[in-house]
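Trainee: Take this structure first; my questions come after.
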Amino acid sequence: MDKEVKAGNSKFMLKAVIFDFDGTIGDTLKLVIESIREAVSPFMDRELSDDEIADTFGPIEEGSVLKFVDKKYYDEACERLYEAYARLHKEISSRPFEGVLDLINYLKSKNIIVILATGKGAKTCEISLKQYHMENLFDKVKTGSIIGGIKPQMMQEVIDEYKLSKDEVIYVGDAPTDIDAARQVGIKIASALYGTRIEEEAVKAKKPDAICHSIEDVKQYLTSLIK
């Protein structure tokens with residue numbers, strides 16, 4: 001186990017794991033950026049940089065589109081987004097991170113509730129789950145909002161819907177904002193630092209409950225929380 005992955009708290013009893021998607025389940029940052037670029041490029045007089053597109057993340061992908069195109073072109077741009085996303089998925093991110101499927105199946109074998117709570121939109125999430133052959137893997141899938149990030153709300157919904165206490169749930173995500181969201185709700189957070197957009201220093205500064213540099217680190221940490 002990586003030295004930065006802390007051992008589980010003896011008072012904690014894991015009953016549910018909530019996963020982020022982009023950067024946690026699959027290496028999809030480039031896919032999202034390129035799809036949004038293709039979607040909006042016909043309606044712009046210049047090419048957007050990766051950073052300009054990434055700076056719009058928080059809302060679902062359609063929210064990013066709306067940042068760059070006039071509302072009268074929104075529907076057309078979204079259709080371009082879905083087409084590009086499905087096509088490029090096969091080229092850029094055809095499979096999830098190695099070991100993710102085994103990890104989720106392992107958790108389910110231990111009777112752990114496994115939820116997907118992602119900032120992705122419903123359509124792009126559907127495309128990704130189909131591409132990864134994960135359509136029926138999660139106990140529940142929650143997707144984001146066009147108005148902005150709603151991960152704290154999604155986490156709280158899981159707690160309420162499954163009648164869990166906050167010390168029975170953990171979120172696994174890659175971004176510093178995931179740490180903020182989990183802290184807002186009062187649940188544990190394991191930070192995944194094995195994807196493309198690694199923000200290691202920002203993550204470390206927020207002191208998550210675990211820092212995981214591999215899927216195996218995530219598995220070891222979660223195993224330490226299972227009684």
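Each chain of the structure tokens is named A, B, ... in the order shown, its residues numbered from 1; ligands are numbered from 1 in display order.
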Please build the interface table for region 82-106 of chain A against region 39-50 of chain A with a cut-off of 10 Å, listing for each qualifying residue the nearest atom pair and the distance in Å to one decimal; count only C-alpha atoms, order rows by chain and increasing number, and write it as CSV.

Mentor:
residue,atom,partner,partner_atom,distance
A:Tyr82,CA,A:Ala39,CA,8.3
A:Glu83,CA,A:Ala39,CA,8.7
A:Ala84,CA,A:Ala39,CA,7.3
A:Tyr85,CA,A:Ala39,CA,9.2

Trainee: Report as JSON lines: every residue of region 97-166 of chain A with an atom at most 9 Å from region 63-74 of chain A, its closest pair of atoms, and their distance in Å to one decimal, counting only C-alpha atoms, with rows sorted by chain and ascending residue number.

Mentor:
{"residue": "A:Gly121", "atom": "CA", "partner": "A:Gly63", "partner_atom": "CA", "distance": 8.9}
{"residue": "A:Ser145", "atom": "CA", "partner": "A:Gly63", "partner_atom": "CA", "distance": 8.0}
{"residue": "A:Ile146", "atom": "CA", "partner": "A:Gly63", "partner_atom": "CA", "distance": 4.7}
{"residue": "A:Ile147", "atom": "CA", "partner": "A:Gly63", "partner_atom": "CA", "distance": 6.9}
{"residue": "A:Gly148", "atom": "CA", "partner": "A:Gly63", "partner_atom": "CA", "distance": 7.8}

Trainee: Identify all residues of region 7-182 of chain A in strand (DSSP E or B) (DSSP on the backbone) and supply them as a PyMOL selection string.

Mentor: chain A and resi 16-19+22+26+113-117+140-142+145+148+169-173

Trainee: Using all heavy atoms, can you write the selected residues to a file as a short mmCIF file (atom, residue, chain, number, x, y, z; two decimals), in the first residue's frame?

Mentor:
data_model
loop_
_atom_site.label_atom_id
_atom_site.label_comp_id
_atom_site.auth_asym_id
_atom_site.auth_seq_id
_atom_site.Cartn_x
_atom_site.Cartn_y
_atom_site.Cartn_z
N ALA A 16 -21.25 1.90 1.54
CA ALA A 16 -21.48 2.41 0.18
C ALA A 16 -20.26 3.17 -0.32
O ALA A 16 -19.66 3.95 0.42
CB ALA A 16 -22.71 3.31 0.15
N VAL A 17 -19.91 2.94 -1.58
CA VAL A 17 -18.85 3.68 -2.24
C VAL A 17 -19.47 4.43 -3.41
O VAL A 17 -20.17 3.84 -4.25
CB VAL A 17 -17.73 2.76 -2.76
CG1 VAL A 17 -16.66 3.58 -3.48
CG2 VAL A 17 -17.11 1.98 -1.62
N ILE A 18 -19.25 5.74 -3.46
CA ILE A 18 -19.74 6.58 -4.54
C ILE A 18 -18.54 6.97 -5.41
O ILE A 18 -17.58 7.54 -4.91
CB ILE A 18 -20.43 7.85 -4.02
CG1 ILE A 18 -21.48 7.49 -2.95
CG2 ILE A 18 -21.07 8.62 -5.17
CD1 ILE A 18 -22.09 8.72 -2.27
N PHE A 19 -18.63 6.65 -6.69
CA PHE A 19 -17.52 6.93 -7.61
C PHE A 19 -17.83 8.14 -8.50
O PHE A 19 -18.94 8.30 -9.00
CB PHE A 19 -17.26 5.73 -8.53
CG PHE A 19 -16.54 4.60 -7.90
CD1 PHE A 19 -17.24 3.53 -7.34
CD2 PHE A 19 -15.15 4.56 -7.87
CE1 PHE A 19 -16.58 2.46 -6.76
CE2 PHE A 19 -14.48 3.49 -7.30
CZ PHE A 19 -15.19 2.44 -6.73
N ASP A 22 -15.22 10.84 -14.72
CA ASP A 22 -14.09 11.36 -15.49
C ASP A 22 -12.84 11.44 -14.63
O ASP A 22 -12.81 12.12 -13.60
CB ASP A 22 -14.43 12.75 -16.03
CG ASP A 22 -15.54 12.73 -17.06
OD1 ASP A 22 -15.51 11.86 -17.95
OD2 ASP A 22 -16.45 13.59 -16.97
N GLY A 26 -12.51 6.32 -15.83
CA GLY A 26 -11.82 6.27 -17.12
C GLY A 26 -11.02 7.53 -17.37
O GLY A 26 -11.27 8.58 -16.78
N ILE A 113 -22.73 -1.21 -1.45
CA ILE A 113 -23.50 -0.46 -2.43
C ILE A 113 -22.52 0.36 -3.27
O ILE A 113 -21.66 1.05 -2.71
CB ILE A 113 -24.51 0.46 -1.73
CG1 ILE A 113 -25.49 -0.36 -0.88
CG2 ILE A 113 -25.27 1.32 -2.75
CD1 ILE A 113 -26.25 0.47 0.15
N VAL A 114 -22.65 0.28 -4.58
CA VAL A 114 -21.73 1.00 -5.47
C VAL A 114 -22.53 1.95 -6.35
O VAL A 114 -23.37 1.52 -7.16
CB VAL A 114 -20.91 0.03 -6.34
CG1 VAL A 114 -19.92 0.81 -7.20
CG2 VAL A 114 -20.16 -0.98 -5.46
N ILE A 115 -22.26 3.24 -6.19
CA ILE A 115 -23.01 4.30 -6.87
C ILE A 115 -22.08 5.08 -7.78
O ILE A 115 -20.91 5.31 -7.45
CB ILE A 115 -23.64 5.28 -5.85
CG1 ILE A 115 -24.48 4.53 -4.81
CG2 ILE A 115 -24.45 6.37 -6.55
CD1 ILE A 115 -25.74 3.92 -5.33
N LEU A 116 -22.60 5.54 -8.91
CA LEU A 116 -21.89 6.49 -9.76
C LEU A 116 -22.57 7.85 -9.59
O LEU A 116 -23.77 7.98 -9.83
CB LEU A 116 -21.94 6.06 -11.22
CG LEU A 116 -21.21 6.98 -12.21
CD1 LEU A 116 -19.71 6.96 -11.94
CD2 LEU A 116 -21.50 6.58 -13.65
N ALA A 117 -21.80 8.84 -9.16
CA ALA A 117 -22.30 10.21 -9.04
C ALA A 117 -21.31 11.11 -9.76
O ALA A 117 -20.24 11.41 -9.26
CB ALA A 117 -22.44 10.62 -7.57
N LYS A 140 -26.84 2.46 -8.71
CA LYS A 140 -27.57 3.66 -9.12
C LYS A 140 -26.59 4.61 -9.81
O LYS A 140 -25.42 4.66 -9.44
CB LYS A 140 -28.22 4.34 -7.92
CG LYS A 140 -29.13 5.51 -8.27
CD LYS A 140 -30.05 5.85 -7.10
CE LYS A 140 -31.11 4.80 -6.91
NZ LYS A 140 -32.15 5.22 -5.92
N VAL A 141 -27.10 5.34 -10.79
CA VAL A 141 -26.29 6.33 -11.51
C VAL A 141 -26.93 7.70 -11.36
O VAL A 141 -28.12 7.87 -11.64
CB VAL A 141 -26.17 5.98 -13.01
CG1 VAL A 141 -25.46 7.10 -13.77
CG2 VAL A 141 -25.44 4.66 -13.20
N LYS A 142 -26.14 8.67 -10.90
CA LYS A 142 -26.61 10.05 -10.76
C LYS A 142 -25.73 10.94 -11.61
O LYS A 142 -24.51 10.85 -11.55
CB LYS A 142 -26.55 10.49 -9.28
CG LYS A 142 -27.54 9.74 -8.39
CD LYS A 142 -27.48 10.24 -6.97
CE LYS A 142 -28.54 9.56 -6.10
NZ LYS A 142 -29.90 10.01 -6.46
N SER A 145 -25.74 18.59 -13.52
CA SER A 145 -26.71 19.62 -13.86
C SER A 145 -26.09 20.65 -14.80
O SER A 145 -24.89 20.93 -14.72
CB SER A 145 -27.19 20.32 -12.59
OG SER A 145 -27.90 21.50 -12.88
N GLY A 148 -24.53 23.84 -12.89
CA GLY A 148 -23.30 23.82 -12.11
C GLY A 148 -23.14 22.52 -11.34
O GLY A 148 -23.97 21.62 -11.45
N VAL A 169 -20.23 5.88 4.32
CA VAL A 169 -20.14 6.23 2.90
C VAL A 169 -18.79 6.89 2.59
O VAL A 169 -18.26 7.65 3.41
CB VAL A 169 -21.28 7.22 2.52
CG1 VAL A 169 -21.25 7.51 1.02
CG2 VAL A 169 -22.64 6.66 2.94
N ILE A 170 -18.27 6.60 1.41
CA ILE A 170 -17.05 7.26 0.96
C ILE A 170 -17.19 7.63 -0.51
O ILE A 170 -17.86 6.91 -1.28
CB ILE A 170 -15.81 6.37 1.17
CG1 ILE A 170 -14.52 7.16 0.90
CG2 ILE A 170 -15.86 5.12 0.32
CD1 ILE A 170 -13.26 6.45 1.38
N TYR A 171 -16.60 8.75 -0.89
CA TYR A 171 -16.58 9.17 -2.29
C TYR A 171 -15.17 8.97 -2.83
O TYR A 171 -14.19 9.25 -2.14
CB TYR A 171 -16.97 10.64 -2.42
CG TYR A 171 -17.23 11.07 -3.85
CD1 TYR A 171 -18.42 10.73 -4.49
CD2 TYR A 171 -16.28 11.81 -4.57
CE1 TYR A 171 -18.66 11.11 -5.80
CE2 TYR A 171 -16.52 12.19 -5.89
CZ TYR A 171 -17.72 11.84 -6.50
OH TYR A 171 -17.95 12.21 -7.80
N VAL A 172 -15.08 8.49 -4.06
CA VAL A 172 -13.80 8.32 -4.74
C VAL A 172 -13.80 9.22 -5.97
O VAL A 172 -14.61 9.03 -6.88
CB VAL A 172 -13.57 6.86 -5.16
CG1 VAL A 172 -12.20 6.73 -5.83
CG2 VAL A 172 -13.66 5.92 -3.96
N GLY A 173 -12.94 10.23 -5.96
CA GLY A 173 -12.88 11.18 -7.08
C GLY A 173 -11.48 11.73 -7.25
O GLY A 173 -10.63 11.57 -6.37
#

Trainee: Between CA of Ala210 (chain A) and CA of Lys120 (chain A), what is the distance, to one decimal in Å?

Mentor: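 It comes out at 23.9 Å.
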
Trainee: So, with only C-alpha atoms as the atoms that count, which of A:Ala175, A:Ala77, A:Leu31, A:Ile25 lies closest to Pro96 (chain A)?

Mentor: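 Distance minimum relative to Pro96 (chain A) lands on A:Ile25.
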
Trainee: Let me make sure I understand: among A:Ser93, A:Thr143, A:Leu107, A:Gln153, which one has the smallest atom-to-atom distance to Gly23 (chain A) if we use only C-alpha atoms?

Mentor: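 Smallest separation from Gly23 (chain A) among the options: A:Ser93.
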
Trainee: Hey, which of A:Asp102, A:Asp180, A:Asp27, A:Glu157 ends up closest to Tyr194 (chain A)? Count only C-alpha atoms.

Mentor: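 Of all the options, A:Asp27 lies closest to Tyr194 (chain A).
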
Trainee: Restricting the calculation to only C-alpha atoms, which member of A:Glu34, A:Asp139, A:Glu126, A:Glu201 is positioned closest to Val158 (chain A)?

Mentor: A:Asp139

Trainee: Taking only C-alpha atoms into account, name the residue in A:Glu38, A:Glu91, A:Glu199, A:Glu61 that is nearest to Pro176 (chain A).

Mentor: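 Checking each candidate against Pro176 (chain A), we get A:Glu199 as the closest.
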
Trainee: So that I can check the surroundings of Gly58 (chain A), please list as a list in words every protein, DNA and RNA residue that reaches within 8 Å of it, counting only C-alpha atoms and ignoring chain neighbours fewer than 2 positions away.

Mentor: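 Returned residues: Thr56, Ile60, Gly119, Gly148 and Gly149 of chain A.
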
Trainee: Could you save the residues just selected, with all heavy atoms, as a PDB file, in the first residue's frame?

Mentor:
ATOM      1  N   THR A  56     -14.498  25.580 -18.016  1.00  0.00           N
ATOM      2  CA  THR A  56     -15.964  25.597 -17.962  1.00  0.00           C
ATOM      3  C   THR A  56     -16.528  24.372 -17.254  1.00  0.00           C
ATOM      4  O   THR A  56     -17.745  24.258 -17.086  1.00  0.00           O
ATOM      5  CB  THR A  56     -16.577  25.651 -19.375  1.00  0.00           C
ATOM      6  OG1 THR A  56     -16.304  24.423 -20.070  1.00  0.00           O
ATOM      7  CG2 THR A  56     -16.020  26.822 -20.169  1.00  0.00           C
ATOM      8  N   ILE A  60     -22.636  20.086 -16.523  1.00  0.00           N
ATOM      9  CA  ILE A  60     -22.495  18.997 -17.490  1.00  0.00           C
ATOM     10  C   ILE A  60     -21.919  19.527 -18.800  1.00  0.00           C
ATOM     11  O   ILE A  60     -21.818  20.736 -19.001  1.00  0.00           O
ATOM     12  CB  ILE A  60     -23.859  18.302 -17.733  1.00  0.00           C
ATOM     13  CG1 ILE A  60     -24.899  19.317 -18.243  1.00  0.00           C
ATOM     14  CG2 ILE A  60     -24.340  17.625 -16.464  1.00  0.00           C
ATOM     15  CD1 ILE A  60     -26.254  18.702 -18.559  1.00  0.00           C
ATOM     16  N   GLY A 119     -20.358  14.432 -12.605  1.00  0.00           N
ATOM     17  CA  GLY A 119     -20.735  15.726 -13.146  1.00  0.00           C
ATOM     18  C   GLY A 119     -21.074  15.664 -14.626  1.00  0.00           C
ATOM     19  O   GLY A 119     -21.430  16.687 -15.219  1.00  0.00           O
ATOM     20  N   GLY A 148     -24.533  23.844 -12.893  1.00  0.00           N
ATOM     21  CA  GLY A 148     -23.300  23.820 -12.107  1.00  0.00           C
ATOM     22  C   GLY A 148     -23.141  22.523 -11.345  1.00  0.00           C
ATOM     23  O   GLY A 148     -23.974  21.620 -11.453  1.00  0.00           O
ATOM     24  N   GLY A 149     -22.060  22.429 -10.570  1.00  0.00           N
ATOM     25  CA  GLY A 149     -21.782  21.208  -9.823  1.00  0.00           C
ATOM     26  C   GLY A 149     -22.807  20.954  -8.731  1.00  0.00           C
ATOM     27  O   GLY A 149     -23.172  21.856  -7.979  1.00  0.00           O
TER      28      GLY A 149
END

Trainee: In Å to one decimal, how far is CA of Ile33 (chain A) from CA of Glu98 (chain A)?

Mentor: 22.0 Å

Trainee: Identify which of the residues A:Ala54, A:Leu101, A:Leu193, A:Ile36 lies closest to Ala86 (chain A), counting only C-alpha atoms when measuring atom-to-atom distances.

Mentor: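 Using only C-alpha atoms, Ala86 (chain A) sits closest to A:Ile36.
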
Trainee: Would you work out the distance separating CA of Lys163 (chain A) from CA of Ile104 (chain A), expressed in Å to one decimal?

Mentor: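 It comes out at 21.2 Å.
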